[in-house]
Every structure is written in C-alpha cells, then in structure tokens.
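Participant: Contents of my_file_20.cif (mmCIF, C-alpha atoms) are given next:
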data_structure
#
loop_
_atom_site.label_atom_id
_atom_site.label_comp_id
_atom_site.auth_asym_id
_atom_site.auth_seq_id
_atom_site.Cartn_x
_atom_site.Cartn_y
_atom_site.Cartn_z
CA MET A 1 -23.85 -8.13 -6.90
CA ILE A 2 -21.10 -10.20 -8.42
CA THR A 3 -21.61 -12.38 -11.46
CA GLU A 4 -19.36 -15.35 -10.89
CA LYS A 5 -17.95 -18.09 -13.10
CA LYS A 6 -16.67 -19.75 -9.91
CA PRO A 7 -18.10 -19.65 -6.37
CA ASP A 8 -14.78 -18.93 -4.61
CA VAL A 9 -14.17 -15.28 -5.53
CA PHE A 10 -12.00 -14.41 -2.54
CA ASP A 11 -10.67 -17.89 -1.80
CA LYS A 12 -6.92 -17.65 -1.03
CA ILE A 13 -6.91 -13.95 -2.01
CA GLN A 14 -4.39 -11.95 0.00
CA ALA A 15 -4.42 -8.74 -2.06
CA VAL A 16 -6.91 -6.85 -4.21
CA ILE A 17 -5.49 -4.54 -6.88
CA PHE A 18 -7.58 -1.90 -8.63
CA ASP A 19 -7.22 0.02 -11.83
CA LEU A 20 -8.25 3.64 -11.22
CA ASP A 21 -10.20 5.19 -14.09
CA GLY A 22 -13.51 3.51 -14.85
CA THR A 23 -12.82 0.92 -12.17
CA LEU A 24 -12.40 2.56 -8.78
CA VAL A 25 -13.67 6.00 -9.83
CA ASP A 26 -16.12 7.18 -12.49
CA SER A 27 -13.75 9.33 -14.54
CA MET A 28 -13.56 8.18 -18.15
CA TRP A 29 -15.96 10.95 -19.18
CA VAL A 30 -13.34 13.54 -18.20
CA TRP A 31 -10.99 12.65 -21.02
CA GLU A 32 -13.45 13.21 -23.86
CA SER A 33 -13.52 16.95 -23.16
CA ILE A 34 -9.80 17.12 -22.39
CA ASP A 35 -8.93 15.41 -25.67
CA ARG A 36 -11.24 17.72 -27.58
CA ASP A 37 -9.89 20.89 -25.94
CA TYR A 38 -6.25 19.86 -26.26
CA PHE A 39 -6.51 18.88 -29.92
CA CYS A 40 -8.49 22.07 -30.64
CA ARG A 41 -5.62 24.15 -29.24
CA HIS A 42 -3.48 22.66 -31.98
CA GLY A 43 -6.05 23.08 -34.73
CA LEU A 44 -6.94 19.39 -34.84
CA GLU A 45 -10.03 17.26 -34.44
CA VAL A 46 -10.01 14.23 -32.18
CA PRO A 47 -10.25 10.95 -34.13
CA GLN A 48 -13.39 9.07 -33.12
CA ASP A 49 -11.37 5.99 -32.30
CA LEU A 50 -8.65 7.73 -30.27
CA GLN A 51 -9.62 6.12 -26.96
CA GLN A 52 -9.61 2.67 -28.56
CA ARG A 53 -6.16 3.33 -30.03
CA ILE A 54 -4.61 4.32 -26.70
CA SER A 55 -6.55 1.97 -24.42
CA GLY A 56 -4.22 0.45 -21.84
CA MET A 57 -1.29 2.74 -22.64
CA SER A 58 0.47 4.50 -19.80
CA PHE A 59 0.32 8.29 -19.51
CA SER A 60 3.81 8.47 -21.05
CA GLU A 61 3.05 5.93 -23.79
CA THR A 62 -0.04 7.95 -24.73
CA ALA A 63 2.01 11.13 -25.04
CA ASP A 64 4.59 9.30 -27.16
CA TYR A 65 1.84 7.92 -29.41
CA ILE A 66 0.19 11.30 -29.96
CA LYS A 67 3.55 12.98 -30.60
CA ARG A 68 4.37 10.37 -33.27
CA ASN A 69 0.99 10.41 -34.98
CA PHE A 70 -0.24 14.01 -34.86
CA PRO A 71 1.32 17.38 -35.85
CA ILE A 72 1.56 18.75 -32.31
CA SER A 73 4.43 21.07 -31.38
CA ASP A 74 4.44 20.28 -27.64
CA THR A 75 7.08 17.92 -26.32
CA THR A 76 5.79 14.79 -24.61
CA GLU A 77 6.62 16.32 -21.22
CA GLU A 78 4.67 19.47 -22.13
CA MET A 79 1.74 17.31 -23.19
CA LYS A 80 1.66 15.49 -19.87
CA GLU A 81 1.94 18.73 -17.92
CA SER A 82 -0.98 20.18 -19.91
CA TRP A 83 -3.16 17.11 -19.35
CA ASN A 84 -2.44 17.16 -15.63
CA ARG A 85 -3.38 20.84 -15.38
CA MET A 86 -6.54 20.35 -17.46
CA ALA A 87 -7.69 17.38 -15.40
CA GLU A 88 -6.67 18.12 -11.82
CA THR A 89 -9.59 20.31 -10.75
CA VAL A 90 -12.15 17.92 -12.22
CA TYR A 91 -10.48 14.90 -10.61
CA LYS A 92 -10.32 16.69 -7.28
CA THR A 93 -13.91 17.92 -7.19
CA LYS A 94 -16.11 16.04 -9.66
CA VAL A 95 -14.85 12.46 -10.02
CA PRO A 96 -16.81 10.14 -7.68
CA LEU A 97 -15.98 6.70 -6.36
CA LYS A 98 -17.84 3.83 -8.00
CA PRO A 99 -20.92 2.70 -6.01
CA GLY A 100 -19.98 0.58 -3.01
CA ALA A 101 -16.23 1.10 -3.46
CA LEU A 102 -15.61 2.82 -0.13
CA THR A 103 -17.47 0.20 1.89
CA PHE A 104 -15.67 -2.57 0.00
CA LEU A 105 -12.26 -1.03 0.67
CA LYS A 106 -13.01 -0.70 4.37
CA LYS A 107 -14.17 -4.31 4.48
CA LEU A 108 -10.94 -5.47 2.84
CA LYS A 109 -8.99 -3.65 5.55
CA GLU A 110 -11.07 -5.26 8.28
CA LEU A 111 -10.27 -8.68 6.84
CA GLY A 112 -6.55 -7.98 6.54
CA ILE A 113 -6.55 -8.16 2.73
CA LYS A 114 -3.94 -5.85 1.20
CA THR A 115 -4.96 -3.26 -1.38
CA GLY A 116 -3.22 -1.56 -4.28
CA VAL A 117 -3.75 0.65 -7.31
CA ALA A 118 -2.22 -0.13 -10.72
CA THR A 119 -3.17 2.67 -13.08
CA SER A 120 -2.26 3.97 -16.53
CA ASN A 121 -2.96 7.51 -15.35
CA SER A 122 -0.35 9.95 -14.07
CA LYS A 123 1.07 9.77 -10.55
CA HIS A 124 -0.13 13.32 -9.92
CA LEU A 125 -3.75 12.58 -10.78
CA VAL A 126 -3.99 9.23 -9.01
CA GLU A 127 -2.56 10.60 -5.77
CA LEU A 128 -4.75 13.71 -5.98
CA THR A 129 -7.85 11.58 -6.59
CA LEU A 130 -7.21 9.10 -3.79
CA GLU A 131 -6.59 11.94 -1.33
CA ALA A 132 -9.66 13.89 -2.46
CA ARG A 133 -11.90 10.85 -2.12
CA GLY A 134 -10.46 10.04 1.30
CA ILE A 135 -9.14 6.59 0.42
CA ARG A 136 -5.37 7.07 0.16
CA GLU A 137 -4.91 5.65 3.65
CA LEU A 138 -6.82 2.54 2.57
CA MET A 139 -4.25 1.74 -0.13
CA ASP A 140 -1.08 -0.18 0.70
CA SER A 141 0.54 0.37 -2.69
CA VAL A 142 0.00 2.87 -5.52
CA HIS A 143 1.91 2.67 -8.80
CA THR A 144 1.46 3.86 -12.38
CA ALA A 145 2.35 2.21 -15.66
CA CYS A 146 4.88 5.01 -16.28
CA GLU A 147 7.08 3.23 -13.72
CA VAL A 148 7.37 0.03 -15.77
CA GLU A 149 8.64 -0.80 -19.24
CA HIS A 150 5.31 -1.71 -20.84
CA GLY A 151 1.75 -0.56 -20.22
CA LYS A 152 -1.32 -2.78 -20.29
CA PRO A 153 -2.01 -5.44 -21.63
CA ALA A 154 1.55 -6.32 -20.52
CA PRO A 155 1.53 -7.58 -16.92
CA ASP A 156 4.31 -5.27 -15.74
CA ILE A 157 2.28 -2.84 -13.62
CA TYR A 158 0.37 -5.59 -11.82
CA LEU A 159 3.53 -7.52 -11.08
CA LEU A 160 5.11 -4.34 -9.69
CA VAL A 161 2.22 -3.73 -7.29
CA ALA A 162 2.14 -7.39 -6.20
CA GLU A 163 5.87 -7.25 -5.50
CA ASP A 164 5.43 -4.05 -3.52
CA LEU A 165 2.65 -5.72 -1.50
CA ASN A 166 4.82 -8.82 -1.03
CA VAL A 167 1.99 -11.05 -2.29
CA SER A 168 2.37 -13.79 -4.91
CA PRO A 169 0.39 -13.13 -8.13
CA GLU A 170 -1.77 -16.23 -7.66
CA HIS A 171 -3.07 -14.70 -4.41
CA CYS A 172 -4.07 -11.40 -6.06
CA LEU A 173 -7.47 -10.37 -7.44
CA VAL A 174 -7.56 -7.58 -10.06
CA PHE A 175 -10.50 -5.26 -10.73
CA GLU A 176 -10.47 -3.72 -14.23
CA ASP A 177 -12.82 -1.92 -16.62
CA ILE A 178 -10.95 -2.43 -19.92
CA VAL A 179 -10.05 -5.57 -21.85
CA GLU A 180 -6.35 -4.65 -21.94
CA GLY A 181 -6.33 -4.33 -18.16
CA ILE A 182 -8.06 -7.66 -17.67
CA GLN A 183 -5.51 -9.24 -19.99
CA ALA A 184 -2.69 -7.62 -18.02
CA GLY A 185 -3.99 -9.10 -14.79
CA LYS A 186 -4.37 -12.54 -16.34
CA ARG A 187 -0.88 -12.42 -17.86
CA ALA A 188 0.42 -11.57 -14.40
CA GLY A 189 -1.11 -14.83 -13.15
CA MET A 190 -3.86 -13.17 -11.12
CA LYS A 191 -7.61 -13.65 -10.87
CA THR A 192 -9.53 -10.90 -12.65
CA CYS A 193 -12.89 -9.21 -12.20
CA ALA A 194 -14.45 -7.02 -14.89
CA VAL A 195 -16.12 -3.81 -13.68
CA ASP A 196 -19.00 -2.22 -15.56
CA ASP A 197 -18.44 1.32 -16.84
CA GLN A 198 -20.44 3.55 -19.16
CA ALA A 199 -17.43 4.13 -21.42
CA THR A 200 -17.02 0.40 -22.16
CA ARG A 201 -20.59 -0.83 -21.87
CA ASP A 202 -20.63 -1.76 -25.55
CA ILE A 203 -17.99 -4.44 -24.88
CA TRP A 204 -19.43 -5.72 -21.58
CA GLU A 205 -19.90 -9.24 -22.93
CA ILE A 206 -16.29 -9.33 -24.13
CA LYS A 207 -15.08 -8.15 -20.73
CA LYS A 208 -17.11 -10.86 -19.01
CA GLN A 209 -15.64 -13.51 -21.28
CA GLU A 210 -12.09 -12.31 -20.62
CA ALA A 211 -12.40 -12.07 -16.83
CA ASP A 212 -12.93 -14.70 -14.14
CA TYR A 213 -15.71 -12.64 -12.58
CA ALA A 214 -17.79 -9.54 -13.37
CA ILE A 215 -19.61 -6.89 -11.32
CA PHE A 216 -21.89 -3.95 -12.02
CA ASN A 217 -20.79 -2.25 -8.77
CA TYR A 218 -19.09 -3.07 -5.46
CA ASN A 219 -22.26 -3.20 -3.38
CA GLY A 220 -22.53 -6.36 -1.30
CA LEU A 221 -19.02 -7.65 -1.90
CA LEU A 222 -17.69 -9.44 1.19
CA GLY A 223 -20.98 -8.65 2.88
CA GLY A 224 -20.22 -4.93 2.86
#
Let me see the file written as structure tokens.

Facilitator:
Amino acid sequence: MITEKKPDVFDKIQAVIFDLDGTLVDSMWVWESIDRDYFCRHGLEVPQDLQQRISGMSFSETADYIKRNFPISDTTEEMKESWNRMAETVYKTKVPLKPGALTFLKKLKELGIKTGVATSNSKHLVELTLEARGIRELMDSVHTACEVEHGKPAPDIYLLVAEDLNVSPEHCLVFEDIVEGIQAGKRAGMKTCAVDDQATRDIWEIKKQEADYAIFNYNGLLGG
C-alpha cells in the first residue's frame, strides 16, 4: 500500500511516468554481474562505488564516464553494444515486473490516465523488456535519457515524455527508485513517488524524504 504525505495521490493526475530499472521491473541485480564480467574482460576490478558514481546517468553518459575514467580500449559505441548483448537475454527471460505493476497499468488504462517510460537504460533493452513482459501496448510514450541533453537528476527526460504525452508537468506523477530520478521528476514540476527496491533499500528513508509519496509495491493502487 502507498505511504502518503498527502491524501490526494492521483488528484488532477493525467499521466503516470515510470522509470524502468528498479521501478517498473526488478532488474538492478543484472548489472552487478555485467559490470564484473565486462571489467574482467579488460583486466580490471569493478570499484565498489561504481553504481553510486553513475546513478542517474544515461546509457551514453555511463559509457562516456567509464571511457574517461578507466583504461578500456573499447569505444563508447562498442561499450554500449557489448552491454546490450550481455543484458538482452536476461532482460528478456529473467527480469520480472514489480509486484502489482501489471494490474496497476491496466487500471490506469481503464481510467484514461496516460502512461510513459522515462529510463536511463538503452532503447534496445527497454523496448525488449516491455515487449517480453507484455506491457508495451500499455505505454503511450517510451523514451530514454540518451535522447536528451542531460540525464537524471536533470528534468530533461521527464519533460520529453510529458511533452510527447501532451500533458502539463503539474498533471504528471513520476514513479522512481533512485534519488536522482526523484529529483529529476521534482525539477520537472511533477509529483513524485519513491518505489522500494533491494538495490537502494539502504537509502529508503532518504527516498521517502525526497518524494511526495512512497510505496513498497503497486498492489492496491487505484483499487487494483
């Protein structure tokens, strides 16, 4: 159930926009092994704080960061191609929706509330995942942070999706699992809801403080 700071969670909301990883699907665990395997190929160990360093960055920004900071011979385009190949089978077959997400999405459609995805992941992986989980047709807009100038916590990706949905930011509700994403939604002028995820459970209290609302899962939202 939802933990609210205000009682009017969906009041005047015309669109709900989701982050993908850790928010709509349980997938953050995938990247620990991918990072380890990729760095190992280049004779390197993964810094313990790598995920914190790149949190909120787009797929392209992450490749740029790693190219600048580590002795890796791959070009940034080769990096992204490698990551897509390493992740696609797992995303297609082993990454589940968060509990209650499918019912919630269907309920939003029934109520005429528009839906979108604003992710830092690659276009290839987000489209593959939405199709594999059978929810692509439930999404009115899907964009990645590679399409805008700045990744999260900048508001660019959320403003792009809102524009595509033709909904004013003040009528949008964002679901996010990372602080940078919550900040991006707030900077876009939208309401925000923090989503619990194993990968960020140690900062749950910070996420709750940053967001307008917070949930452990999507069960029961809108009576679904």

Participant: Could you list, as a PDB file with C-alpha atoms, in the frame of the given file, every residue matched by the PyMOL selection byres ((chain A and resi 133) around 9) in this structure?

Facilitator:
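Dumped everything to expr_7.pdb:
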ATOM      1  CA  LYS A  92     -10.320  16.690  -7.280  1.00  0.00           C
ATOM      2  CA  THR A  93     -13.910  17.920  -7.190  1.00  0.00           C
ATOM      3  CA  VAL A  95     -14.850  12.460 -10.020  1.00  0.00           C
ATOM      4  CA  PRO A  96     -16.810  10.140  -7.680  1.00  0.00           C
ATOM      5  CA  LEU A  97     -15.980   6.700  -6.360  1.00  0.00           C
ATOM      6  CA  LEU A 128      -4.750  13.710  -5.980  1.00  0.00           C
ATOM      7  CA  THR A 129      -7.850  11.580  -6.590  1.00  0.00           C
ATOM      8  CA  LEU A 130      -7.210   9.100  -3.790  1.00  0.00           C
ATOM      9  CA  GLU A 131      -6.590  11.940  -1.330  1.00  0.00           C
ATOM     10  CA  ALA A 132      -9.660  13.890  -2.460  1.00  0.00           C
ATOM     11  CA  GLY A 134     -10.460  10.040   1.300  1.00  0.00           C
ATOM     12  CA  ILE A 135      -9.140   6.590   0.420  1.00  0.00           C
ATOM     13  CA  ARG A 136      -5.370   7.070   0.160  1.00  0.00           C
TER      14      ARG A 136
END

Participant: Name the residues that the PyMOL selection byres ((chain A and resi 196) around 9) pulls out of this structure, and write them as a PyMOL selection string.

Facilitator: chain A and resi 22-23+176-177+194-195+197-201+204+207+214-217

Participant: Evaluating the PyMOL selection byres ((chain A and resi 10) around 12) on the displayed file yields which residues, as a PyMOL selection string?

Facilitator: chain A and resi 2+4+6-9+11-16+108+111+113+170-174+190-193+212-213+221-223

Participant: Emit the selected residues as a PDB file, keeping the file's coordinate frame, including C-alpha atoms.

Facilitator:
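File produced: result.pdb:
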ATOM      1  CA  ILE A   2     -21.100 -10.200  -8.420  1.00  0.00           C
ATOM      2  CA  GLU A   4     -19.360 -15.350 -10.890  1.00  0.00           C
ATOM      3  CA  LYS A   6     -16.670 -19.750  -9.910  1.00  0.00           C
ATOM      4  CA  PRO A   7     -18.100 -19.650  -6.370  1.00  0.00           C
ATOM      5  CA  ASP A   8     -14.780 -18.930  -4.610  1.00  0.00           C
ATOM      6  CA  VAL A   9     -14.170 -15.280  -5.530  1.00  0.00           C
ATOM      7  CA  ASP A  11     -10.670 -17.890  -1.800  1.00  0.00           C
ATOM      8  CA  LYS A  12      -6.920 -17.650  -1.030  1.00  0.00           C
ATOM      9  CA  ILE A  13      -6.910 -13.950  -2.010  1.00  0.00           C
ATOM     10  CA  GLN A  14      -4.390 -11.950   0.000  1.00  0.00           C
ATOM     11  CA  ALA A  15      -4.420  -8.740  -2.060  1.00  0.00           C
ATOM     12  CA  VAL A  16      -6.910  -6.850  -4.210  1.00  0.00           C
ATOM     13  CA  LEU A 108     -10.940  -5.470   2.840  1.00  0.00           C
ATOM     14  CA  LEU A 111     -10.270  -8.680   6.840  1.00  0.00           C
ATOM     15  CA  ILE A 113      -6.550  -8.160   2.730  1.00  0.00           C
ATOM     16  CA  GLU A 170      -1.770 -16.230  -7.660  1.00  0.00           C
ATOM     17  CA  HIS A 171      -3.070 -14.700  -4.410  1.00  0.00           C
ATOM     18  CA  CYS A 172      -4.070 -11.400  -6.060  1.00  0.00           C
ATOM     19  CA  LEU A 173      -7.470 -10.370  -7.440  1.00  0.00           C
ATOM     20  CA  VAL A 174      -7.560  -7.580 -10.060  1.00  0.00           C
ATOM     21  CA  MET A 190      -3.860 -13.170 -11.120  1.00  0.00           C
ATOM     22  CA  LYS A 191      -7.610 -13.650 -10.870  1.00  0.00           C
ATOM     23  CA  THR A 192      -9.530 -10.900 -12.650  1.00  0.00           C
ATOM     24  CA  CYS A 193     -12.890  -9.210 -12.200  1.00  0.00           C
ATOM     25  CA  ASP A 212     -12.930 -14.700 -14.140  1.00  0.00           C
ATOM     26  CA  TYR A 213     -15.710 -12.640 -12.580  1.00  0.00           C
ATOM     27  CA  LEU A 221     -19.020  -7.650  -1.900  1.00  0.00           C
ATOM     28  CA  LEU A 222     -17.690  -9.440   1.190  1.00  0.00           C
ATOM     29  CA  GLY A 223     -20.980  -8.650   2.880  1.00  0.00           C
TER      30      GLY A 223
END

Participant: Determine, counting only C-alpha atoms, which protein, DNA and RNA residues have an atom within 8 Å of an atom of Leu138 in chain A; residues of the same chain fewer than 5 positions away are not included. Present the result as a PyMOL selection string.

Facilitator: chain A and resi 105-106+109+115

Participant: Could you tell me how far CA of Tyr65 in chain A lies from CA of Arg53 in chain A, in Å and to one decimal?

Facilitator: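 We find that CA of Tyr65 in chain A and CA of Arg53 in chain A lie 9.2 Å from each other.
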
Participant: Report the distance between CA of Ala63 in chain A and CA of Thr76 in chain A in Å, rounded to one decimal place.

Facilitator: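 One can read the CA of Ala63 in chain A to CA of Thr76 in chain A distance as 5.3 Å.
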
Participant: Applying 12 Å and only C-alpha atoms, which residues near Asp74 in chain A remain after dropping the ones on its own chain fewer than 6 positions away? List them as a JSON list (two decimals) with C-alpha atoms, keeping the file's coordinate frame.

Facilitator:
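Below you can see part01.json, which holds the result:
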[["chain", "number", "residue", "atom", "x", "y", "z"],
["A", 38, "TYR", "CA", -6.25, 19.86, -26.26],
["A", 39, "PHE", "CA", -6.51, 18.88, -29.92],
["A", 41, "ARG", "CA", -5.62, 24.15, -29.24],
["A", 42, "HIS", "CA", -3.48, 22.66, -31.98],
["A", 63, "ALA", "CA", 2.01, 11.13, -25.04],
["A", 64, "ASP", "CA", 4.59, 9.30, -27.16],
["A", 66, "ILE", "CA", 0.19, 11.30, -29.96],
["A", 67, "LYS", "CA", 3.55, 12.98, -30.60],
["A", 68, "ARG", "CA", 4.37, 10.37, -33.27],
["A", 80, "LYS", "CA", 1.66, 15.49, -19.87],
["A", 81, "GLU", "CA", 1.94, 18.73, -17.92],
["A", 82, "SER", "CA", -0.98, 20.18, -19.91],
["A", 83, "TRP", "CA", -3.16, 17.11, -19.35]]

Participant: Counting all atoms listed in the file, which residue out of A:Asp49, A:Ala87, A:Lys123, A:Gln183 sits closest to Asp37 in chain A?

Facilitator: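 With all atoms listed in the file as the atom set, the closest residue is A:Ala87.
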
Participant: My list of candidates is A:Lys98, A:Lys208, A:His143, A:His150. Which is closest to Ala162 in chain A when distances are computed with only C-alpha atoms?

Facilitator: A:His143

Participant: Between A:Gly185, A:Glu45, A:Ile178, A:Lys107, which residue has the minimum interatomic distance to Ile206 in chain A, considering all atoms listed in the file?

Facilitator: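 Selected residue with least distance to Ile206 in chain A: A:Ile178.
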
Participant: Neighbours of Ser141 in chain A within 8 Å (all atoms listed in the file; same-chain residues fewer than 5 positions away dropped), as an mmCIF file with C-alpha atoms, keeping the file's coordinate frame?

Facilitator:
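Here's the written file part.cif:
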data_model
loop_
_atom_site.group_PDB
_atom_site.id
_atom_site.type_symbol
_atom_site.label_atom_id
_atom_site.label_comp_id
_atom_site.auth_asym_id
_atom_site.auth_seq_id
_atom_site.Cartn_x
_atom_site.Cartn_y
_atom_site.Cartn_z
ATOM 1 C CA THR A 115 -4.960 -3.260 -1.380
ATOM 2 C CA GLY A 116 -3.220 -1.560 -4.280
ATOM 3 C CA VAL A 117 -3.750 0.650 -7.310
ATOM 4 C CA VAL A 161 2.220 -3.730 -7.290
ATOM 5 C CA ASP A 164 5.430 -4.050 -3.520
ATOM 6 C CA LEU A 165 2.650 -5.720 -1.500
#

Participant: Given only C-alpha atoms as the basis, pick out the residue of A:Asn121, A:Asn219, A:Gln209, A:Ser27 nearest to Met57 in chain A.

Facilitator: A:Asn121

Participant: Go ahead and compute the interatomic distance for CA of Pro71 in chain A and CA of Met28 in chain A, in Å to one decimal.

Facilitator: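 Between CA of Pro71 in chain A and CA of Met28 in chain A the gap is 24.9 Å.
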
Participant: Between A:Arg85, A:Glu180, A:Phe59, A:Gly100, which one has atoms that come closest to Glu147 in chain A, using only C-alpha atoms?

Facilitator: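 Closest residue, counting only C-alpha atoms: A:Phe59.
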
Participant: Can you give me N, CA and C atoms for range 133-166 of chain A, written as an mmCIF file, in the coordinates of the input?

Facilitator:
data_model
loop_
_atom_site.group_PDB
_atom_site.id
_atom_site.type_symbol
_atom_site.label_atom_id
_atom_site.label_comp_id
_atom_site.auth_asym_id
_atom_site.auth_seq_id
_atom_site.Cartn_x
_atom_site.Cartn_y
_atom_site.Cartn_z
ATOM 1 N N ARG A 133 -10.794 11.755 -2.440
ATOM 2 C CA ARG A 133 -11.900 10.850 -2.120
ATOM 3 C C ARG A 133 -11.741 10.200 -0.742
ATOM 4 N N GLY A 134 -10.660 10.525 -0.056
ATOM 5 C CA GLY A 134 -10.460 10.040 1.300
ATOM 6 C C GLY A 134 -10.098 8.581 1.417
ATOM 7 N N ILE A 135 -9.452 8.020 0.379
ATOM 8 C CA ILE A 135 -9.140 6.590 0.420
ATOM 9 C C ILE A 135 -7.642 6.300 0.294
ATOM 10 N N ARG A 136 -6.806 7.341 0.291
ATOM 11 C CA ARG A 136 -5.370 7.070 0.160
ATOM 12 C C ARG A 136 -4.867 6.193 1.291
ATOM 13 N N GLU A 137 -5.365 6.426 2.489
ATOM 14 C CA GLU A 137 -4.910 5.650 3.650
ATOM 15 C C GLU A 137 -5.384 4.200 3.604
ATOM 16 N N LEU A 138 -6.331 3.906 2.716
ATOM 17 C CA LEU A 138 -6.820 2.540 2.570
ATOM 18 C C LEU A 138 -6.021 1.749 1.542
ATOM 19 N N MET A 139 -5.053 2.396 0.898
ATOM 20 C CA MET A 139 -4.250 1.740 -0.130
ATOM 21 C C MET A 139 -2.839 1.451 0.379
ATOM 22 N N ASP A 140 -2.414 0.207 0.251
ATOM 23 C CA ASP A 140 -1.080 -0.180 0.700
ATOM 24 C C ASP A 140 -0.013 0.057 -0.360
ATOM 25 N N SER A 141 -0.415 0.166 -1.610
ATOM 26 C CA SER A 141 0.540 0.370 -2.690
ATOM 27 C C SER A 141 -0.136 1.102 -3.839
ATOM 28 N N VAL A 142 0.530 2.110 -4.375
ATOM 29 C CA VAL A 142 0.000 2.870 -5.520
ATOM 30 C C VAL A 142 1.117 3.056 -6.537
ATOM 31 N N HIS A 143 0.909 2.529 -7.737
ATOM 32 C CA HIS A 143 1.910 2.670 -8.800
ATOM 33 C C HIS A 143 1.221 2.969 -10.131
ATOM 34 N N THR A 144 1.974 3.572 -11.046
ATOM 35 C CA THR A 144 1.460 3.860 -12.380
ATOM 36 C C THR A 144 2.284 3.114 -13.426
ATOM 37 N N ALA A 145 1.682 2.935 -14.577
ATOM 38 C CA ALA A 145 2.350 2.210 -15.660
ATOM 39 C C ALA A 145 3.544 2.977 -16.223
ATOM 40 N N CYS A 146 3.690 4.254 -15.861
ATOM 41 C CA CYS A 146 4.880 5.010 -16.280
ATOM 42 C C CYS A 146 6.128 4.506 -15.565
ATOM 43 N N GLU A 147 5.947 3.738 -14.499
ATOM 44 C CA GLU A 147 7.080 3.230 -13.720
ATOM 45 C C GLU A 147 7.622 1.912 -14.262
ATOM 46 N N VAL A 148 6.942 1.324 -15.235
ATOM 47 C CA VAL A 148 7.370 0.030 -15.770
ATOM 48 C C VAL A 148 7.651 0.165 -17.260
ATOM 49 N N GLU A 149 8.227 -0.879 -17.836
ATOM 50 C CA GLU A 149 8.640 -0.800 -19.240
ATOM 51 C C GLU A 149 7.457 -0.778 -20.195
ATOM 52 N N HIS A 150 6.438 -1.589 -19.918
ATOM 53 C CA HIS A 150 5.310 -1.710 -20.840
ATOM 54 C C HIS A 150 3.986 -1.495 -20.112
ATOM 55 N N GLY A 151 3.081 -0.741 -20.757
ATOM 56 C CA GLY A 151 1.750 -0.560 -20.220
ATOM 57 C C GLY A 151 0.886 -1.787 -20.469
ATOM 58 N N LYS A 152 -0.366 -1.702 -20.073
ATOM 59 C CA LYS A 152 -1.320 -2.780 -20.290
ATOM 60 C C LYS A 152 -1.560 -2.957 -21.790
ATOM 61 N N PRO A 153 -1.694 -4.166 -22.299
ATOM 62 C CA PRO A 153 -2.010 -5.440 -21.630
ATOM 63 C C PRO A 153 -0.803 -6.214 -21.108
ATOM 64 N N ALA A 154 0.412 -5.649 -21.151
ATOM 65 C CA ALA A 154 1.550 -6.320 -20.520
ATOM 66 C C ALA A 154 1.293 -6.395 -19.012
ATOM 67 N N PRO A 155 1.814 -7.394 -18.347
ATOM 68 C CA PRO A 155 1.530 -7.580 -16.920
ATOM 69 C C PRO A 155 2.375 -6.730 -15.991
ATOM 70 N N ASP A 156 3.285 -5.933 -16.535
ATOM 71 C CA ASP A 156 4.310 -5.270 -15.740
ATOM 72 C C ASP A 156 3.785 -4.512 -14.521
ATOM 73 N N ILE A 157 2.756 -3.686 -14.716
ATOM 74 C CA ILE A 157 2.280 -2.840 -13.620
ATOM 75 C C ILE A 157 1.662 -3.677 -12.502
ATOM 76 N N TYR A 158 0.964 -4.742 -12.854
ATOM 77 C CA TYR A 158 0.370 -5.590 -11.820
ATOM 78 C C TYR A 158 1.423 -6.385 -11.061
ATOM 79 N N LEU A 159 2.442 -6.809 -11.751
ATOM 80 C CA LEU A 159 3.530 -7.520 -11.080
ATOM 81 C C LEU A 159 4.291 -6.575 -10.144
ATOM 82 N N LEU A 160 4.445 -5.320 -10.544
ATOM 83 C CA LEU A 160 5.110 -4.340 -9.690
ATOM 84 C C LEU A 160 4.349 -4.133 -8.390
ATOM 85 N N VAL A 161 3.030 -3.956 -8.493
ATOM 86 C CA VAL A 161 2.220 -3.730 -7.290
ATOM 87 C C VAL A 161 2.223 -4.965 -6.395
ATOM 88 N N ALA A 162 2.107 -6.150 -6.987
ATOM 89 C CA ALA A 162 2.140 -7.390 -6.200
ATOM 90 C C ALA A 162 3.462 -7.521 -5.457
ATOM 91 N N GLU A 163 4.555 -7.185 -6.141
ATOM 92 C CA GLU A 163 5.870 -7.250 -5.500
ATOM 93 C C GLU A 163 5.952 -6.259 -4.343
ATOM 94 N N ASP A 164 5.423 -5.065 -4.566
ATOM 95 C CA ASP A 164 5.430 -4.050 -3.520
ATOM 96 C C ASP A 164 4.597 -4.499 -2.307
ATOM 97 N N LEU A 165 3.514 -5.219 -2.561
ATOM 98 C CA LEU A 165 2.650 -5.720 -1.500
ATOM 99 C C LEU A 165 3.212 -6.989 -0.845
ATOM 100 N N ASN A 166 4.227 -7.556 -1.495
ATOM 101 C CA ASN A 166 4.820 -8.820 -1.030
ATOM 102 C C ASN A 166 3.782 -9.949 -1.028
#
